[in-house]
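**Student:** Below you will find the structure I want to go over with you.
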Amino acid sequence: MRSTCFFFISIFICIIFSNPLIPKELKSTSLARQATVKITKTYIRPNYCLPWKMRSYGTAVGSGAIISNNLILTNAHVISDATFIQVQKENDPVNYEAEVLYAAHDCDLALLKVKDSTFFKGTVSLEFGEIPDLKSVVATYGYPLGGERISITEGVVSRIEIGLYAHSKKIALLMIQTDAAINSGNSGGPVMQEGRVVGIAFQAITDSSNIGYMIPTPIIIHFLDDIQDGQYDGFSDLGILTENLLNPAYREFLGMDENLTGIIITHVMPKSSAWNKLKKNDVILSIDRKKIANDGSIAYGDSRILFSIIADQKQVGDTVTLEILRDKRVISVPVILKQISARIPWYEEYETLPDYYIFGGIIFQPLNREFLKCWDKWWFKADRRMLYNFFYAERDIIHPERSEFIIINHVLPDPENSYVSDMHDLVVNRINNTKITKLKDVIEAFRNPLGQYHVIEVEGYNKPVLIKASGMESANKRILKKYEIPSDRRSGDK
C-alpha cells in the first residue's frame with residue numbers, strides 16, 4: 001500500500017515538473033504582480049473660457065509598470081496636469097510620492113521616478129517582448145475602479161492597425177486591439193505575454209463590449225530611445241495628405257503601368273517634412289524600399305498596415321527615402337523627418353496655461369482646440385467662421401502670414417465698452433491698422449490709437465469696432481479689480 005502511494009505521488013510530481021508551462025505561467029503572473037503599481041494623481045486644469053482662472057481640482061487613478069533603473073512606465077493621461085502623484089504597490093498600504101520625468105502626450109506615454117528608493121524593495125522590473133500574434137492570448141494587469149486590489153484579465157489579440165491616440169488626438173500610431181477588459185484605472189498597466197511586456201493598456205471604446213487597446217512595444221521603445229538625450233522630441237510626420245489609387249482609370253491617367261502601385265499626394269503642409277520635397281499629384285510608390293499598395297498599405301509581418309508606420313519608427317531628424325512618380329518619371333526623394341508646426345493647435349494640450357490679453361474688458365486669445373471646447377459639441381455649435389479657420393487654415397493656406405489666429409473670446413461689461421459688450425467669438429484681422437498675426441501684435445497695436453479711438457477690425461464685419469482711447473488706463477485697472485483678474489495678460493512670444 002505504501003509503495004503504491006509512493007508510486008502515484010512520484011508520477012504526480014513528475015507530471016508537474018515535466019510540464020514547463022505551469023510553473024512558467026505562475027512565475028510570469030507573480031513577476032507582473034510585483035511590477036504593477038497603482039498611481040493616484042491630484043490634478044487641475046486651466047479654464048480656457050476664462051483664461052486667467054483654473055478649474056476645480058480633481059483626483060484620478062491609473063496603473064503603471066516598473067521597468068529597468070527603478071522607473072515606472074505609464075500613460076501620459078494618467079499623470080497629465082498633475083499637481084501631486086502617489087504610487088502604491090500590491091499588498092503595501094503605504095503611498096509613495098512620485099514625480100514625472102518625461103511626458104509624451106502624442107503617444108500617451110510617461111515615465112515616473114519615485115522619490116523614496118525603498119519603494120522598490122520586493123519589486124521586480126519587467127522586460128519588453130515583441131508584438132504579439134493575432135489570436136494569441138495576453139493578460140492585462142492594473143487597478144481598475146471598483147476595487148482596491150490588482151486586477152488580471154485575459155483576452156485575445158484581435159487587430160493590429162494604425163489608429164488615433166485619443167489622449168492628444170494629435171497623431172495616429174500603431175495600436176493593438178484586444179478583448180481583455182480595459183476599464184477606467186487600467187490605463188498604464190502592463191499587458192503581458194510569456195512573462196514580457198507586449199503593450200501598455202491605454203484606451204477603450206466605451207459604447208462597445210470589451211474592445212480595448214494597448215500601446216505596442218515599438219511605440220514604447222521609440223519613446224524610451226527618444227529621451228536618451230535628456231529631452232522628448234516626439235513623433236515626426238511627413239506632413240502630407242494622400243488618397244488611394246484603387247481606380248484603374250485614374251492610375252492609367254497618371255501614367256502608371258500595371259507594375260506600379262501607390263497613393264497620390266493631395267496636399268503638402270507648409271514647413272512640414274515634405275515641404276519643398278514633395279508636390280501635389282506626386283504618386284508615392286515606395287517608402288524605404290517597402291512597396292506601397294494602391295490602398296496605402298505595406299507588408300508588415302504577416303499582415304498589411306498603413307505605410308506611415310515606416311516614418312513612425314524613425315526619430316525626428318532621421319531620413320526616409322520615398323520613390324515617387326512625378327510627371328510620369330520615377331525618381332527617389334530623401335526626406336528629413338520633423339514635427340509639424342501647428343499655427344492652430346488641433347490637438348488636446350496639457351501642462352499648458354492659455355495665453356490671453358485683456359484690454360478695455362475685451363478678452364483676446366489664440367484660437368485652439370482647448371478654447372473651442374468651451375462649447376458642448378463644439379464641432380457644430382461653435383462659431384462657423386472660427387470652425388472654418390480651425391479645420392482648413394493649413395489645408396487651404398489661409399492667411400499664411402499668421403503664426404496664430406487671434407479671436408475675441410468675449411467682453412467683460414463696463415461703462416467704457418457698453419456698446420460692444422455683446423461681441424464674442426470673432427476672428428481679429430486688424431487693430432489700429434496693424435495686421436494681427438499673433439497675440440503680441442494685439443498688445444503692441446493698442447499702444448498706438450488712431451487719434452481718439454482704438455479701431456478693431458474683425459473678419460465678417462464690414463464696420464469696425466471702436467472704443468475711446470481716453471480713459472482706457474483707468475478702465476483697465478477697474479475691470480481687473482471688478483472681475484478679480486490677477487493680470488491683464490499671459491503671453492508667450494511667438
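Each chain in the C-alpha cells gets a letter, A, B, ..., in the order shown, and its residues are numbered from 1; ligands are numbered from 1 in order too.
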Do a neighbour search on A:Leu71 at 8 Å with only C-alpha atoms, toss out local chain neighbours closer than 3 positions, and write the hits as a list in words.
**Tutor:**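 The neighbour list is Ile66, Ile67, Ser68, Leu111, Leu112, Lys113 and Val114 of chain A.
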**Student:** Would you save the residues of that selection, restricted to C-alpha atoms, as a short mmCIF file (atom, residue, chain, number, x, y, z; two decimals), in the first residue's frame?
**Tutor:**
```cif
data_model
loop_
_atom_site.label_atom_id
_atom_site.label_comp_id
_atom_site.auth_asym_id
_atom_site.auth_seq_id
_atom_site.Cartn_x
_atom_site.Cartn_y
_atom_site.Cartn_z
CA ILE A 66 8.12 49.05 -13.12
CA ILE A 67 10.86 48.82 -15.73
CA SER A 68 14.66 49.00 -15.56
CA LEU A 111 7.98 57.92 -17.15
CA LEU A 112 7.89 58.42 -13.37
CA LYS A 113 10.52 58.44 -10.67
CA VAL A 114 9.70 57.56 -7.04
#
```
**Student:** Excluding A:Glu401 and any residue of its chain fewer than 2 positions from it, enumerate the residues within 12 Å of it, using only C-alpha atoms, and give them as a PyMOL selection string.
**Tutor:** chain A and resi 270+343+393-394+397-399+403-405+429+435-438
**Student:** Now that the selection is made, can you save its residues with C-alpha atoms as a short mmCIF file (atom, residue, chain, number, x, y, z; two decimals), in the first residue's frame?
**Tutor:**
```cif
data_model
loop_
_atom_site.label_atom_id
_atom_site.label_comp_id
_atom_site.auth_asym_id
_atom_site.auth_seq_id
_atom_site.Cartn_x
_atom_site.Cartn_y
_atom_site.Cartn_z
CA PRO A 270 3.76 74.26 -45.33
CA ARG A 343 -0.48 77.54 -36.23
CA ALA A 393 -6.30 77.06 -42.20
CA GLU A 394 -3.47 74.63 -43.01
CA ILE A 397 -3.29 78.06 -46.60
CA ILE A 398 -5.50 80.75 -45.07
CA HIS A 399 -3.55 83.87 -44.00
CA SER A 403 1.52 82.31 -36.69
CA GLU A 404 -1.66 82.45 -34.57
CA PHE A 405 -5.33 83.21 -35.24
CA ASN A 429 -7.98 91.00 -38.53
CA LYS A 435 -2.21 93.40 -39.05
CA ILE A 436 -2.75 90.86 -36.25
CA THR A 437 -0.64 87.75 -36.82
CA LYS A 438 -0.06 86.75 -33.18
#
```
**Student:** Can you work out which one of A:Tyr392, A:Trp378, A:Phe364, A:Phe223 has the shortest atom-to-atom distance to A:Met423, counting only C-alpha atoms?
**Tutor:**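 Comparing A:Tyr392, A:Trp378, A:Phe364, A:Phe223 against A:Met423, the winner is A:Phe364.
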**Student:** Could you check which of A:Ile44, A:Ile162, A:Ile363, A:Ala382 is closest to A:Val428, using only C-alpha atoms?
**Tutor:**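 Residue with the minimum atom-to-atom distance to A:Val428: A:Ile363.
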**Student:** Skip A:Leu50 itself and residues of its chain fewer than 5 positions away, then list as a PyMOL selection string all residues within 10 Å of it, counting only C-alpha atoms.
**Tutor:** chain A and resi 55+354+356+363+371+374+409-410+485
**Student:** Let me see the file: selected residues, C-alpha atoms, as a PDB file, in the first residue's frame.
**Tutor:**
```
ATOM      1  CA  ARG A  55     -10.897  74.829 -12.808  1.00  0.00           C
ATOM      2  CA  PRO A 354      -3.722  79.645 -22.079  1.00  0.00           C
ATOM      3  CA  TYR A 356      -4.557  85.912 -23.316  1.00  0.00           C
ATOM      4  CA  ILE A 363     -10.545  89.240 -23.974  1.00  0.00           C
ATOM      5  CA  PHE A 371     -10.804  77.143 -26.469  1.00  0.00           C
ATOM      6  CA  CYS A 374     -15.845  75.831 -24.150  1.00  0.00           C
ATOM      7  CA  ASN A 409     -13.396  85.440 -26.587  1.00  0.00           C
ATOM      8  CA  HIS A 410     -15.997  87.800 -25.110  1.00  0.00           C
ATOM      9  CA  ILE A 485      -8.321  89.157 -12.602  1.00  0.00           C
TER      10      ILE A 485
END
```
**Student:** Enter the distance from atom CA of A:Ile176 to atom CA of A:Gln313, in Å, rounded to one decimal.
**Tutor:**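 Rounded to one decimal, the two atoms are 15.8 Å apart.
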**Student:** Taking the backbone alone, and naming residues the way the document does, which bits of stretch 46-254 of chain A are helix (DSSP H, G or I) by DSSP, as a PyMOL selection string?
**Tutor:** chain A and resi 68-70+76-79+117-120+217-229+248-253
**Student:** Keeping only C-alpha atoms, write the selected residues as a PDB file, in the first residue's frame.
**Tutor:**
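The file below, result-v3.pdb, is the result:
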```pdb
ATOM      1  CA  SER A  68      14.663  48.998 -15.559  1.00  0.00           C
ATOM      2  CA  ASN A  69      16.520  51.610 -13.480  1.00  0.00           C
ATOM      3  CA  ASN A  70      13.679  51.805 -10.941  1.00  0.00           C
ATOM      4  CA  ALA A  76       0.626  60.328 -20.146  1.00  0.00           C
ATOM      5  CA  HIS A  77      -3.097  60.745 -19.477  1.00  0.00           C
ATOM      6  CA  VAL A  78      -2.660  59.021 -16.110  1.00  0.00           C
ATOM      7  CA  ILE A  79      -0.404  61.873 -14.909  1.00  0.00           C
ATOM      8  CA  SER A 117      14.017  54.332  -3.325  1.00  0.00           C
ATOM      9  CA  THR A 118      12.809  51.963  -0.589  1.00  0.00           C
ATOM     10  CA  PHE A 119       9.572  51.724  -2.559  1.00  0.00           C
ATOM     11  CA  PHE A 120      11.273  49.227  -4.879  1.00  0.00           C
ATOM     12  CA  THR A 217       6.356  47.822 -27.767  1.00  0.00           C
ATOM     13  CA  PRO A 218       7.641  49.523 -30.966  1.00  0.00           C
ATOM     14  CA  ILE A 219       5.964  52.758 -29.797  1.00  0.00           C
ATOM     15  CA  ILE A 220       7.261  52.281 -26.241  1.00  0.00           C
ATOM     16  CA  ILE A 221      10.823  51.654 -27.443  1.00  0.00           C
ATOM     17  CA  HIS A 222      10.613  54.726 -29.703  1.00  0.00           C
ATOM     18  CA  PHE A 223       9.665  56.821 -26.656  1.00  0.00           C
ATOM     19  CA  LEU A 224      12.439  55.377 -24.482  1.00  0.00           C
ATOM     20  CA  ASP A 225      15.047  55.846 -27.230  1.00  0.00           C
ATOM     21  CA  ASP A 226      13.881  59.414 -27.831  1.00  0.00           C
ATOM     22  CA  ILE A 227      14.547  60.536 -24.237  1.00  0.00           C
ATOM     23  CA  GLN A 228      18.098  59.192 -24.126  1.00  0.00           C
ATOM     24  CA  ASP A 229      19.446  62.677 -24.874  1.00  0.00           C
ATOM     25  CA  PRO A 248      -7.535  51.712 -62.544  1.00  0.00           C
ATOM     26  CA  ALA A 249      -8.616  54.509 -64.887  1.00  0.00           C
ATOM     27  CA  TYR A 250      -7.018  57.098 -62.608  1.00  0.00           C
ATOM     28  CA  ARG A 251      -3.790  55.082 -62.449  1.00  0.00           C
ATOM     29  CA  GLU A 252      -3.730  54.902 -66.243  1.00  0.00           C
ATOM     30  CA  PHE A 253      -4.356  58.660 -66.426  1.00  0.00           C
TER      31      PHE A 253
END
```
